[in-house]
$ cat query06.cif   # mmCIF, C-alpha atoms and all ligand atoms
data_target
#
loop_
_atom_site.label_atom_id
_atom_site.label_comp_id
_atom_site.auth_asym_id
_atom_site.auth_seq_id
_atom_site.Cartn_x
_atom_site.Cartn_y
_atom_site.Cartn_z
CA MET G 201 -54.15 119.42 33.43
CA ALA G 202 -53.82 122.00 30.62
CA ARG G 203 -51.62 125.01 31.31
CA ARG G 204 -53.44 128.13 32.50
CA VAL G 205 -53.89 130.92 29.98
CA ALA G 206 -54.78 134.63 29.93
CA VAL G 207 -55.90 136.61 26.87
CA VAL G 208 -55.95 140.42 26.56
CA SER G 209 -57.65 142.10 23.60
CA GLY G 210 -56.16 145.25 22.04
CA SER G 211 -52.87 144.77 23.83
CA ASN G 212 -50.29 146.05 21.33
CA LYS G 213 -50.26 149.41 23.13
CA GLY G 214 -51.76 151.51 25.91
CA ILE G 215 -53.52 149.95 28.88
CA GLY G 216 -53.78 146.53 27.22
CA LEU G 217 -50.01 146.32 26.77
CA GLU G 218 -49.52 147.23 30.44
CA VAL G 219 -52.05 144.57 31.47
CA VAL G 220 -50.04 141.99 29.51
CA ARG G 221 -46.79 143.23 31.08
CA ALA G 222 -48.25 142.88 34.60
CA LEU G 223 -49.82 139.49 33.88
CA CYS G 224 -46.48 138.21 32.53
CA ARG G 225 -45.03 139.04 35.94
CA HIS G 226 -47.87 137.87 38.19
CA PHE G 227 -50.07 135.33 36.38
CA ASP G 228 -49.16 131.68 36.70
CA GLY G 229 -49.58 130.57 33.09
CA ASP G 230 -49.29 131.68 29.47
CA VAL G 231 -50.23 135.27 28.62
CA PHE G 232 -51.45 136.17 25.14
CA LEU G 233 -50.81 139.63 23.78
CA THR G 234 -53.28 140.08 20.93
CA ALA G 235 -53.60 142.73 18.22
CA ARG G 236 -55.71 143.22 15.13
CA ASP G 237 -52.56 144.11 13.20
CA THR G 238 -49.97 141.34 13.37
CA ASP G 239 -46.99 143.66 12.77
CA ARG G 240 -48.00 146.02 15.58
CA GLY G 241 -48.58 142.98 17.79
CA GLN G 242 -45.18 141.47 17.02
CA GLN G 243 -43.44 144.78 17.71
CA ALA G 244 -45.13 145.00 21.11
CA LEU G 245 -44.23 141.38 21.80
CA GLN G 246 -40.59 142.11 21.02
CA LYS G 247 -40.59 145.08 23.40
CA LEU G 248 -41.70 142.82 26.27
CA GLN G 249 -39.28 140.06 25.26
CA GLU G 250 -36.43 142.58 25.57
CA GLU G 251 -37.52 142.91 29.22
CA GLN G 252 -37.10 139.13 29.61
CA LEU G 253 -40.88 138.65 29.69
CA LYS G 254 -42.42 135.81 27.71
CA PRO G 255 -45.84 136.73 26.33
CA LEU G 256 -47.26 134.76 23.40
CA PHE G 257 -49.06 136.29 20.42
CA HIS G 258 -52.33 135.64 18.62
CA GLN G 259 -53.99 137.85 16.04
CA LEU G 260 -57.38 139.15 17.21
CA ASP G 261 -59.62 141.74 15.60
CA ILE G 262 -62.71 141.91 17.79
CA GLY G 263 -64.62 143.46 14.89
CA ASP G 264 -64.06 140.34 12.77
CA ILE G 265 -66.08 137.33 13.91
CA GLU G 266 -63.81 134.93 12.00
CA SER G 267 -60.80 136.29 13.85
CA ILE G 268 -62.58 135.75 17.20
CA ARG G 269 -63.53 132.21 16.17
CA LYS G 270 -59.95 131.38 15.15
CA LEU G 271 -58.77 132.47 18.59
CA ARG G 272 -61.57 130.44 20.17
CA ALA G 273 -60.62 127.28 18.28
CA PHE G 274 -56.95 127.77 19.15
CA MET G 275 -57.63 128.27 22.86
CA LEU G 276 -59.92 125.27 22.99
CA GLN G 277 -57.47 123.01 21.20
CA LYS G 278 -54.30 124.16 22.99
CA TYR G 279 -55.58 124.97 26.51
CA GLY G 280 -59.07 123.45 26.75
CA GLY G 281 -60.49 126.90 27.48
CA ILE G 282 -59.45 130.28 28.90
CA ASP G 283 -58.66 131.17 32.52
CA VAL G 284 -58.46 134.95 32.25
CA LEU G 285 -60.07 137.12 29.59
CA VAL G 286 -59.52 140.89 29.57
CA ASN G 287 -61.77 142.64 27.04
CA ASN G 288 -59.70 145.80 26.72
CA ALA G 289 -59.90 146.75 23.02
CA GLY G 290 -61.83 149.94 22.48
CA ILE G 291 -62.00 153.11 20.41
CA ALA G 292 -62.97 156.76 20.89
CA PHE G 293 -63.21 159.71 18.53
CA LYS G 294 -61.13 162.71 19.55
CA VAL G 295 -63.11 165.62 21.00
CA ALA G 296 -62.10 167.82 18.06
CA ASP G 297 -63.21 165.25 15.45
CA THR G 298 -65.84 166.71 13.13
CA THR G 299 -67.35 163.38 12.02
CA PRO G 300 -71.16 163.68 12.37
CA PHE G 301 -72.43 162.58 15.79
CA GLY G 302 -74.59 159.79 14.33
CA THR G 303 -71.59 158.27 12.56
CA GLN G 304 -69.46 158.55 15.71
CA ALA G 305 -72.22 156.77 17.64
CA GLU G 306 -72.48 153.96 15.07
CA VAL G 307 -68.74 153.39 14.73
CA THR G 308 -67.97 153.57 18.45
CA MET G 309 -70.91 151.32 19.33
CA ALA G 310 -69.79 148.74 16.74
CA THR G 311 -66.46 148.20 18.52
CA ASN G 312 -66.99 149.05 22.18
CA PHE G 313 -70.34 147.35 22.59
CA PHE G 314 -71.18 145.02 19.70
CA ALA G 315 -67.70 143.63 18.99
CA THR G 316 -66.99 143.19 22.71
CA ARG G 317 -70.35 141.43 22.99
CA ASP G 318 -69.28 139.11 20.13
CA MET G 319 -66.15 138.32 22.17
CA CYS G 320 -68.36 137.40 25.12
CA THR G 321 -70.80 135.38 23.02
CA GLU G 322 -67.94 133.35 21.52
CA LEU G 323 -65.63 133.07 24.50
CA LEU G 324 -67.65 133.08 27.75
CA THR G 325 -68.51 129.40 27.31
CA LEU G 326 -64.76 128.73 27.18
CA ILE G 327 -64.02 130.31 30.56
CA LYS G 328 -62.80 127.62 32.92
CA PRO G 329 -63.92 127.12 36.53
CA HIS G 330 -62.50 129.90 38.75
CA GLY G 331 -61.92 131.95 35.58
CA ARG G 332 -61.88 135.74 35.60
CA VAL G 333 -63.38 138.06 33.00
CA VAL G 334 -62.65 141.78 32.99
CA ASN G 335 -64.45 144.19 30.69
CA VAL G 336 -62.58 147.48 30.44
CA SER G 337 -65.36 150.03 30.51
CA SER G 338 -65.08 153.65 31.61
CA MET G 339 -66.17 156.28 34.08
CA CYS G 340 -67.69 157.94 31.00
CA GLY G 341 -70.26 155.13 31.06
CA ALA G 342 -71.14 155.97 34.66
CA SER G 343 -71.53 159.67 33.83
CA ALA G 344 -73.55 158.79 30.72
CA LEU G 345 -75.94 156.88 32.99
CA LEU G 346 -76.42 159.95 35.19
CA ASN G 347 -77.13 162.04 32.09
CA CYS G 348 -79.83 159.68 30.75
CA SER G 349 -83.54 160.40 31.26
CA PRO G 350 -85.02 158.91 34.46
CA GLU G 351 -86.79 156.23 32.37
CA LEU G 352 -83.55 155.14 30.70
CA GLN G 353 -81.69 155.22 34.02
CA LYS G 354 -84.32 152.91 35.48
CA LYS G 355 -83.85 150.45 32.61
CA PHE G 356 -80.05 150.48 32.88
CA ARG G 357 -80.19 149.93 36.63
CA SER G 358 -82.77 147.16 36.42
CA THR G 359 -81.52 143.78 37.62
CA SER G 360 -83.96 142.07 35.27
CA ILE G 361 -82.96 143.79 31.98
CA THR G 362 -82.18 141.12 29.37
CA GLU G 363 -79.33 141.10 26.88
CA ASP G 364 -81.85 141.44 24.01
CA GLU G 365 -83.43 144.49 25.65
CA LEU G 366 -80.00 146.06 26.17
CA VAL G 367 -79.03 145.38 22.54
CA GLU G 368 -82.27 147.03 21.38
CA LEU G 369 -81.52 150.10 23.52
CA MET G 370 -77.98 150.39 22.11
CA ARG G 371 -79.39 150.12 18.56
CA LYS G 372 -82.00 152.73 19.42
CA PHE G 373 -79.32 155.12 20.63
CA VAL G 374 -77.46 154.81 17.32
CA ASN G 375 -80.66 155.34 15.32
CA ASP G 376 -81.70 158.30 17.48
CA ALA G 377 -78.21 159.79 17.08
CA LYS G 378 -78.34 159.36 13.29
CA ASN G 379 -81.79 160.99 13.20
CA GLY G 380 -80.60 163.86 15.38
CA VAL G 381 -83.18 163.10 18.10
CA HIS G 382 -81.02 161.45 20.77
CA THR G 383 -81.35 164.34 23.22
CA GLN G 384 -85.16 164.42 22.86
CA GLN G 385 -85.17 160.67 23.40
CA GLY G 386 -83.41 161.03 26.74
CA TRP G 387 -79.85 160.11 25.73
CA PRO G 388 -76.71 161.97 26.82
CA SER G 389 -74.49 163.68 24.26
CA SER G 390 -71.47 161.38 24.67
CA ALA G 391 -71.50 158.54 22.13
CA TYR G 392 -68.45 156.94 23.76
CA GLY G 393 -70.17 157.25 27.16
CA VAL G 394 -73.26 155.39 25.96
CA THR G 395 -71.15 152.56 24.47
CA LYS G 396 -69.39 152.12 27.81
CA LEU G 397 -72.67 152.39 29.71
CA GLY G 398 -73.87 149.52 27.52
CA LEU G 399 -70.73 147.51 28.19
CA THR G 400 -71.07 147.92 31.96
CA VAL G 401 -74.72 146.82 31.90
CA LEU G 402 -73.81 143.90 29.60
CA SER G 403 -71.18 142.82 32.15
CA MET G 404 -73.81 142.85 34.90
CA ILE G 405 -76.19 140.76 32.76
CA HIS G 406 -73.46 138.22 31.94
CA ALA G 407 -72.39 137.99 35.59
CA ARG G 408 -75.98 137.26 36.66
CA ARG G 409 -76.20 134.58 33.96
CA LEU G 410 -72.97 132.94 35.14
CA SER G 411 -74.22 132.97 38.74
CA LYS G 412 -77.39 131.25 37.63
CA GLU G 413 -76.08 128.78 35.08
CA ARG G 414 -72.56 128.02 36.30
CA ALA G 415 -72.65 128.83 40.01
CA ALA G 416 -70.37 125.92 40.93
CA ASP G 417 -67.63 127.21 38.60
CA LYS G 418 -67.20 130.37 40.69
CA ILE G 419 -66.24 132.53 37.71
CA LEU G 420 -65.92 136.24 38.56
CA LEU G 421 -66.83 138.75 35.82
CA ASN G 422 -66.68 142.51 36.26
CA ALA G 423 -66.59 145.80 34.39
CA CYS G 424 -64.06 148.41 35.40
CA CYS G 425 -62.71 151.87 34.74
CA PRO G 426 -58.93 151.95 34.39
CA GLY G 427 -58.81 155.64 35.39
CA TRP G 428 -57.94 158.56 33.15
CA VAL G 429 -54.47 157.70 31.90
CA LYS G 430 -52.04 158.79 29.17
CA THR G 431 -52.46 156.67 26.05
CA ASP G 432 -53.04 157.37 22.37
CA MET G 433 -56.75 157.40 23.19
CA ALA G 434 -56.71 159.77 26.16
CA GLY G 435 -53.79 161.94 25.03
CA PRO G 436 -50.82 163.35 26.91
CA ASN G 437 -52.78 165.52 29.36
CA ALA G 438 -54.41 162.63 31.22
CA PRO G 439 -53.13 162.58 34.81
CA GLY G 440 -52.16 158.91 35.16
CA THR G 441 -49.80 156.56 33.35
CA ALA G 442 -50.86 153.59 31.24
CA GLU G 443 -49.18 151.39 33.85
CA GLU G 444 -51.48 152.86 36.51
CA GLY G 445 -54.40 152.20 34.16
CA ALA G 446 -53.59 148.50 34.29
CA VAL G 447 -53.85 148.26 38.09
CA THR G 448 -57.62 147.74 38.42
CA PRO G 449 -58.03 145.42 35.40
CA VAL G 450 -55.10 143.30 36.66
CA TYR G 451 -56.50 143.25 40.22
CA LEU G 452 -59.80 141.87 38.82
CA ALA G 453 -57.99 139.43 36.52
CA LEU G 454 -55.98 138.02 39.42
CA LEU G 455 -58.72 137.76 42.08
CA PRO G 456 -57.54 134.69 43.99
CA GLU G 457 -59.23 131.31 43.76
CA GLY G 458 -61.83 131.17 46.50
CA ALA G 459 -62.64 134.90 46.28
CA GLU G 460 -66.42 135.43 46.43
CA GLY G 461 -66.31 138.82 44.72
CA PRO G 462 -66.43 141.34 43.32
CA HIS G 463 -68.72 139.82 40.70
CA GLY G 464 -71.09 141.64 38.33
CA GLN G 465 -69.83 145.00 39.57
CA TYR G 466 -68.50 148.21 38.14
CA VAL G 467 -65.08 148.68 39.75
CA SER G 468 -62.76 151.66 39.78
CA ALA G 469 -59.53 152.14 41.76
CA LYS G 470 -59.95 148.52 42.95
CA THR G 471 -63.20 149.54 44.64
CA VAL G 472 -66.79 148.60 43.77
CA GLN G 473 -68.64 151.74 42.67
CA PRO G 474 -72.33 152.52 43.03
CA TRP G 475 -74.31 152.12 39.79
P1 LIG S 1 -55.37 152.94 23.04
O1 LIG S 1 -54.00 153.28 23.47
O2 LIG S 1 -55.99 153.68 21.90
O3 LIG S 1 -55.43 151.38 22.78
C1 LIG S 1 -56.59 150.76 22.29
C2 LIG S 1 -56.25 149.36 21.86
O4 LIG S 1 -57.44 148.74 21.36
C3 LIG S 1 -55.22 149.32 20.72
O5 LIG S 1 -54.38 148.21 20.90
C4 LIG S 1 -56.11 149.13 19.50
O6 LIG S 1 -55.44 148.53 18.41
C5 LIG S 1 -57.13 148.19 20.09
N1 LIG S 1 -58.31 148.02 19.25
C6 LIG S 1 -59.18 148.95 18.80
N2 LIG S 1 -60.10 148.36 18.01
C7 LIG S 1 -59.80 147.04 17.97
C8 LIG S 1 -60.36 145.91 17.32
N3 LIG S 1 -61.42 146.01 16.51
N4 LIG S 1 -59.80 144.70 17.53
C9 LIG S 1 -58.73 144.58 18.32
N5 LIG S 1 -58.12 145.59 18.93
C10 LIG S 1 -58.65 146.82 18.75
O7 LIG S 1 -56.42 153.14 24.23
P2 LIG S 1 -56.33 152.85 25.81
O8 LIG S 1 -56.45 154.14 26.48
O9 LIG S 1 -55.20 151.93 26.12
O10 LIG S 1 -57.71 152.09 25.99
C11 LIG S 1 -57.85 150.74 26.42
C12 LIG S 1 -59.25 150.57 26.99
O11 LIG S 1 -59.41 151.41 28.14
C13 LIG S 1 -60.36 151.01 26.01
O12 LIG S 1 -61.44 150.11 26.10
C14 LIG S 1 -60.75 152.38 26.52
O13 LIG S 1 -62.07 152.72 26.15
C15 LIG S 1 -60.58 152.19 28.02
N6 LIG S 1 -60.43 153.43 28.80
C16 LIG S 1 -59.30 154.21 28.65
C17 LIG S 1 -59.15 155.35 29.44
C18 LIG S 1 -57.93 156.22 29.36
O14 LIG S 1 -57.87 157.26 30.10
N7 LIG S 1 -56.93 155.90 28.56
C19 LIG S 1 -60.15 155.71 30.38
C20 LIG S 1 -61.27 154.90 30.49
C21 LIG S 1 -61.38 153.76 29.71
P3 LIG S 1 -54.73 149.39 17.23
O15 LIG S 1 -53.37 149.79 17.76
O16 LIG S 1 -54.67 148.43 16.11
O17 LIG S 1 -55.60 150.59 16.97
#

$ encode --input "query06.cif" --output "structure tokens" --more "lines below"
Ligand code: NAP
Amino acid sequence: MARRVAVVSGSNKGIGLEVVRALCRHFDGDVFLTARDTDRGQQALQKLQEEQLKPLFHQLDIGDIESIRKLRAFMLQKYGGIDVLVNNAGIAFKVADTTPFGTQAEVTMATNFFATRDMCTELLTLIKPHGRVVNVSSMCGASALLNCSPELQKKFRSTSITEDELVELMRKFVNDAKNGVHTQQGWPSSAYGVTKLGLTVLSMIHARRLSKERAADKILLNACCPGWVKTDMAGPNAPGTAEEGAVTPVYLALLPEGAEGPHGQYVSAKTVQPW
């Protein structure tokens, strides 16, 4: 049987790096640290090697479909699939950034929602039986939901929303933001929040699909919030450490074989949250 393998996107620093560090210690198999920039990835790899850990490296830019497909081909050829996938890579504009809101919405959506969706489209079929998929979302997505109009909230809570409908809504948000009408159209004023709201709903859709189409494989897929932790993204005033931010993603990545859940949930502090 092929060796087990875990892959973490955006893991040259921050929460992703801590997820790799923890998986190196607790996951029974190979752990891939990935980065869009090979030099930054190799430097992170070296840091972990100095701690006697043995992660492996593969380049991965989730915004580049060819890069995703190269990783896919490699995983298929070398391991026959993927056991654990942590979609961690993400971006956020700083609060003080003066880039127009519409541009912030477009750029953030491209990575946090559309590029992560490309990862899922390309890699979900590779997830092996008893595999685990963790999408690192955010509490900002949960607050964005609460700040949507009642009609939008209903759509995002619907258990019958399709991936195409969700994609259309995310595109609509970007267009509304660019046209300066997002508030009138019932959207909240956090572009990052809406991208993570989209990612959480996408996770729920994918989990339902797995339950329907691959029930016997018992794959568990969830979205989570890592907590508000000190990283380049969140800045030095966040209360937690990046290591603490890895706790919930790692818990979901290592749910033991035979576990029935959580599945298709939004999880924070290792606890399923209401949506
Ligand atoms: P971070 O320190 O800024 O790290 C983000 C990582 O994502 C970096 O490795 C970055 O690579 C990578 N990345 C960005 N775009 C990418 C792309 N197109 N392809 C591949 N990698 C890419 O941020 P973090 O705080 O660790 O965030 C990790 C995840 O947690 C994100 O999804 C974030 O939204 C989420 N989150 C964080 C907090 C928090 O308090 N920190 C709270 C809630 C949710 P480069 O180094 O090349 O830029």

$ residues_near_ligand --input "query06.cif" --ligand "ligand LIG 1 (chain S)" --cutoff "6 Å" --atoms "only C-alpha atoms and all ligand atoms" --output "PyMOL selection string"
chain G and resi 209-216+235-237+260-263+288-291+311+336-338+425-434

$ write_last_selection --input "query06.cif" --atoms "C-alpha atoms" --output "PDB file, keeping the file's coordinate frame"
ATOM      1  CA  SER G 209     -57.650 142.100  23.600  1.00  0.00           C
ATOM      2  CA  GLY G 210     -56.160 145.250  22.040  1.00  0.00           C
ATOM      3  CA  SER G 211     -52.870 144.770  23.830  1.00  0.00           C
ATOM      4  CA  ASN G 212     -50.290 146.050  21.330  1.00  0.00           C
ATOM      5  CA  LYS G 213     -50.260 149.410  23.130  1.00  0.00           C
ATOM      6  CA  GLY G 214     -51.760 151.510  25.910  1.00  0.00           C
ATOM      7  CA  ILE G 215     -53.520 149.950  28.880  1.00  0.00           C
ATOM      8  CA  GLY G 216     -53.780 146.530  27.220  1.00  0.00           C
ATOM      9  CA  ALA G 235     -53.600 142.730  18.220  1.00  0.00           C
ATOM     10  CA  ARG G 236     -55.710 143.220  15.130  1.00  0.00           C
ATOM     11  CA  ASP G 237     -52.560 144.110  13.200  1.00  0.00           C
ATOM     12  CA  LEU G 260     -57.380 139.150  17.210  1.00  0.00           C
ATOM     13  CA  ASP G 261     -59.620 141.740  15.600  1.00  0.00           C
ATOM     14  CA  ILE G 262     -62.710 141.910  17.790  1.00  0.00           C
ATOM     15  CA  GLY G 263     -64.620 143.460  14.890  1.00  0.00           C
ATOM     16  CA  ASN G 288     -59.700 145.800  26.720  1.00  0.00           C
ATOM     17  CA  ALA G 289     -59.900 146.750  23.020  1.00  0.00           C
ATOM     18  CA  GLY G 290     -61.830 149.940  22.480  1.00  0.00           C
ATOM     19  CA  ILE G 291     -62.000 153.110  20.410  1.00  0.00           C
ATOM     20  CA  THR G 311     -66.460 148.200  18.520  1.00  0.00           C
ATOM     21  CA  VAL G 336     -62.580 147.480  30.440  1.00  0.00           C
ATOM     22  CA  SER G 337     -65.360 150.030  30.510  1.00  0.00           C
ATOM     23  CA  SER G 338     -65.080 153.650  31.610  1.00  0.00           C
ATOM     24  CA  CYS G 425     -62.710 151.870  34.740  1.00  0.00           C
ATOM     25  CA  PRO G 426     -58.930 151.950  34.390  1.00  0.00           C
ATOM     26  CA  GLY G 427     -58.810 155.640  35.390  1.00  0.00           C
ATOM     27  CA  TRP G 428     -57.940 158.560  33.150  1.00  0.00           C
ATOM     28  CA  VAL G 429     -54.470 157.700  31.900  1.00  0.00           C
ATOM     29  CA  LYS G 430     -52.040 158.790  29.170  1.00  0.00           C
ATOM     30  CA  THR G 431     -52.460 156.670  26.050  1.00  0.00           C
ATOM     31  CA  ASP G 432     -53.040 157.370  22.370  1.00  0.00           C
ATOM     32  CA  MET G 433     -56.750 157.400  23.190  1.00  0.00           C
ATOM     33  CA  ALA G 434     -56.710 159.770  26.160  1.00  0.00           C
TER      34      ALA G 434
END

$ closest_residue --input "query06.cif" --among "G:Ala344, G:Val207, G:Ala244, G:Val450" --to "Tyr392 (chain G)" --atoms "all atoms listed in the file"
G:Ala344

$ closest_residue --input "query06.cif" --among "G:Ala453, G:Ala273, G:Val447, G:Leu233" --to "Val334 (chain G)" --atoms "all atoms listed in the file"
G:Ala453

$ atom_distance --input "query06.cif" --atom1 "CA of Asn335 (chain G)" --atom2 "CA of Asn422 (chain G)"
6.2 Å

$ residues_near_point --input "query06.cif" --point "(-72.5, 159.1, 33.4)" --cutoff "12 Å" --atoms "only C-alpha atoms" --output "JSON, numbers by chain"
{"G": [337, 338, 339, 340, 341, 342, 343, 344, 345, 346, 347, 348, 349, 353, 356, 387, 388, 389, 390, 391, 392, 393, 394, 395, 396, 397, 398, 400, 474, 475]}

$ residues_near_point --input "query06.cif" --point "(-77.8, 154.9, 13.2)" --cutoff "12 Å" --atoms "only C-alpha atoms" --output "list of chain:residue names"
G:Pro300, G:Phe301, G:Gly302, G:Thr303, G:Gln304, G:Ala305, G:Glu306, G:Val307, G:Thr308, G:Met309, G:Ala310, G:Leu369, G:Met370, G:Arg371, G:Lys372, G:Phe373, G:Val374, G:Asn375, G:Asp376, G:Ala377, G:Lys378, G:Asn379, G:Gly380, G:Val381, G:His382, G:Ala391

$ axis_aligned_box --input "query06.cif" --around "region 306-317 of chain G" --padding-each-side "4 Å" --output "JSON"
{"center_x": -69.5, "center_y": 147.7, "center_z": 18.9, "size_x": 14.0, "size_y": 20.5, "size_z": 16.3}

$ atom_distance --input "query06.cif" --atom1 "CA of Ser267 (chain G)" --atom2 "CA of Lys328 (chain G)"
21.0 Å

$ atom_distance --input "query06.cif" --atom1 "CA of Lys278 (chain G)" --atom2 "CA of Ala407 (chain G)"
26.0 Å

$ residues_around --input "query06.cif" --residues "Ser468 (chain G)" --least-positions-apart "2" --cutoff "8 Å" --atoms "all atoms listed in the file" --output "PDB file with C-alpha atoms, in the coordinates of the input"
ATOM      1  CA  CYS G 424     -64.060 148.410  35.400  1.00  0.00           C
ATOM      2  CA  CYS G 425     -62.710 151.870  34.740  1.00  0.00           C
ATOM      3  CA  PRO G 426     -58.930 151.950  34.390  1.00  0.00           C
ATOM      4  CA  GLY G 427     -58.810 155.640  35.390  1.00  0.00           C
ATOM      5  CA  THR G 448     -57.620 147.740  38.420  1.00  0.00           C
ATOM      6  CA  TYR G 466     -68.500 148.210  38.140  1.00  0.00           C
ATOM      7  CA  LYS G 470     -59.950 148.520  42.950  1.00  0.00           C
ATOM      8  CA  THR G 471     -63.200 149.540  44.640  1.00  0.00           C
ATOM      9  CA  VAL G 472     -66.790 148.600  43.770  1.00  0.00           C
ATOM     10  CA  GLN G 473     -68.640 151.740  42.670  1.00  0.00           C
TER      11      GLN G 473
END

$ closest_residue --input "query06.cif" --among "G:Gly464, G:Pro350, G:Gly281, G:Gly445" --to "Leu323 (chain G)" --atoms "all atoms listed in the file"
G:Gly281

$ closest_residue --input "query06.cif" --among "G:Leu455, G:Ala416, G:Ala292, G:Ala206" --to "His258 (chain G)" --atoms "only C-alpha atoms"
G:Ala206

$ decode --input "query06.cif" --residues "region 450-463 of chain G" --atoms "N, CA, C and O atoms" --output "PDB file, in the first residue's frame"
ATOM      1  N   VAL G 450      -5.395  21.058  12.805  1.00  0.00           N
ATOM      2  CA  VAL G 450      -4.711  19.769  12.996  1.00  0.00           C
ATOM      3  C   VAL G 450      -5.667  18.738  13.604  1.00  0.00           C
ATOM      4  O   VAL G 450      -5.681  17.563  13.201  1.00  0.00           O
ATOM      5  N   TYR G 451      -6.498  19.193  14.541  1.00  0.00           N
ATOM      6  CA  TYR G 451      -7.509  18.285  15.131  1.00  0.00           C
ATOM      7  C   TYR G 451      -8.385  17.700  14.014  1.00  0.00           C
ATOM      8  O   TYR G 451      -8.635  16.490  13.963  1.00  0.00           O
ATOM      9  N   LEU G 452      -8.826  18.561  13.081  1.00  0.00           N
ATOM     10  CA  LEU G 452      -9.699  18.090  11.992  1.00  0.00           C
ATOM     11  C   LEU G 452      -8.934  17.212  11.001  1.00  0.00           C
ATOM     12  O   LEU G 452      -9.481  16.274  10.437  1.00  0.00           O
ATOM     13  N   ALA G 453      -7.649  17.536  10.804  1.00  0.00           N
ATOM     14  CA  ALA G 453      -6.826  16.753   9.866  1.00  0.00           C
ATOM     15  C   ALA G 453      -6.541  15.358  10.410  1.00  0.00           C
ATOM     16  O   ALA G 453      -6.322  14.422   9.638  1.00  0.00           O
ATOM     17  N   LEU G 454      -6.540  15.232  11.734  1.00  0.00           N
ATOM     18  CA  LEU G 454      -6.161  13.954  12.353  1.00  0.00           C
ATOM     19  C   LEU G 454      -7.352  13.226  12.978  1.00  0.00           C
ATOM     20  O   LEU G 454      -7.148  12.330  13.801  1.00  0.00           O
ATOM     21  N   LEU G 455      -8.576  13.587  12.595  1.00  0.00           N
ATOM     22  CA  LEU G 455      -9.744  12.858  13.120  1.00  0.00           C
ATOM     23  C   LEU G 455      -9.506  11.370  12.850  1.00  0.00           C
ATOM     24  O   LEU G 455      -9.205  10.985  11.717  1.00  0.00           O
ATOM     25  N   PRO G 456      -9.615  10.536  13.878  1.00  0.00           N
ATOM     26  CA  PRO G 456      -9.205   9.142  13.714  1.00  0.00           C
ATOM     27  C   PRO G 456     -10.084   8.360  12.739  1.00  0.00           C
ATOM     28  O   PRO G 456     -11.247   8.725  12.536  1.00  0.00           O
ATOM     29  N   GLU G 457      -9.503   7.317  12.152  1.00  0.00           N
ATOM     30  CA  GLU G 457     -10.275   6.454  11.263  1.00  0.00           C
ATOM     31  C   GLU G 457     -11.451   5.902  12.071  1.00  0.00           C
ATOM     32  O   GLU G 457     -11.288   5.530  13.235  1.00  0.00           O
ATOM     33  N   GLY G 458     -12.611   5.901  11.480  1.00  0.00           N
ATOM     34  CA  GLY G 458     -13.783   5.403  12.211  1.00  0.00           C
ATOM     35  C   GLY G 458     -14.611   6.546  12.790  1.00  0.00           C
ATOM     36  O   GLY G 458     -15.769   6.349  13.133  1.00  0.00           O
ATOM     37  N   ALA G 459     -14.019   7.751  12.879  1.00  0.00           N
ATOM     38  CA  ALA G 459     -14.791   8.895  13.388  1.00  0.00           C
ATOM     39  C   ALA G 459     -15.942   9.175  12.414  1.00  0.00           C
ATOM     40  O   ALA G 459     -15.766   9.112  11.201  1.00  0.00           O
ATOM     41  N   GLU G 460     -17.103   9.479  12.958  1.00  0.00           N
ATOM     42  CA  GLU G 460     -18.284   9.748  12.115  1.00  0.00           C
ATOM     43  C   GLU G 460     -18.398  11.245  11.811  1.00  0.00           C
ATOM     44  O   GLU G 460     -19.145  11.664  10.948  1.00  0.00           O
ATOM     45  N   GLY G 461     -17.706  12.065  12.572  1.00  0.00           N
ATOM     46  CA  GLY G 461     -17.792  13.507  12.377  1.00  0.00           C
ATOM     47  C   GLY G 461     -16.737  14.183  13.217  1.00  0.00           C
ATOM     48  O   GLY G 461     -15.962  13.506  13.895  1.00  0.00           O
ATOM     49  N   PRO G 462     -16.681  15.522  13.182  1.00  0.00           N
ATOM     50  CA  PRO G 462     -17.541  16.381  12.380  1.00  0.00           C
ATOM     51  C   PRO G 462     -17.312  16.222  10.879  1.00  0.00           C
ATOM     52  O   PRO G 462     -16.230  15.830  10.445  1.00  0.00           O
ATOM     53  N   HIS G 463     -18.360  16.553  10.121  1.00  0.00           N
ATOM     54  CA  HIS G 463     -18.285  16.499   8.661  1.00  0.00           C
ATOM     55  C   HIS G 463     -19.230  17.563   8.117  1.00  0.00           C
ATOM     56  O   HIS G 463     -20.387  17.625   8.535  1.00  0.00           O
TER      57      HIS G 463
END
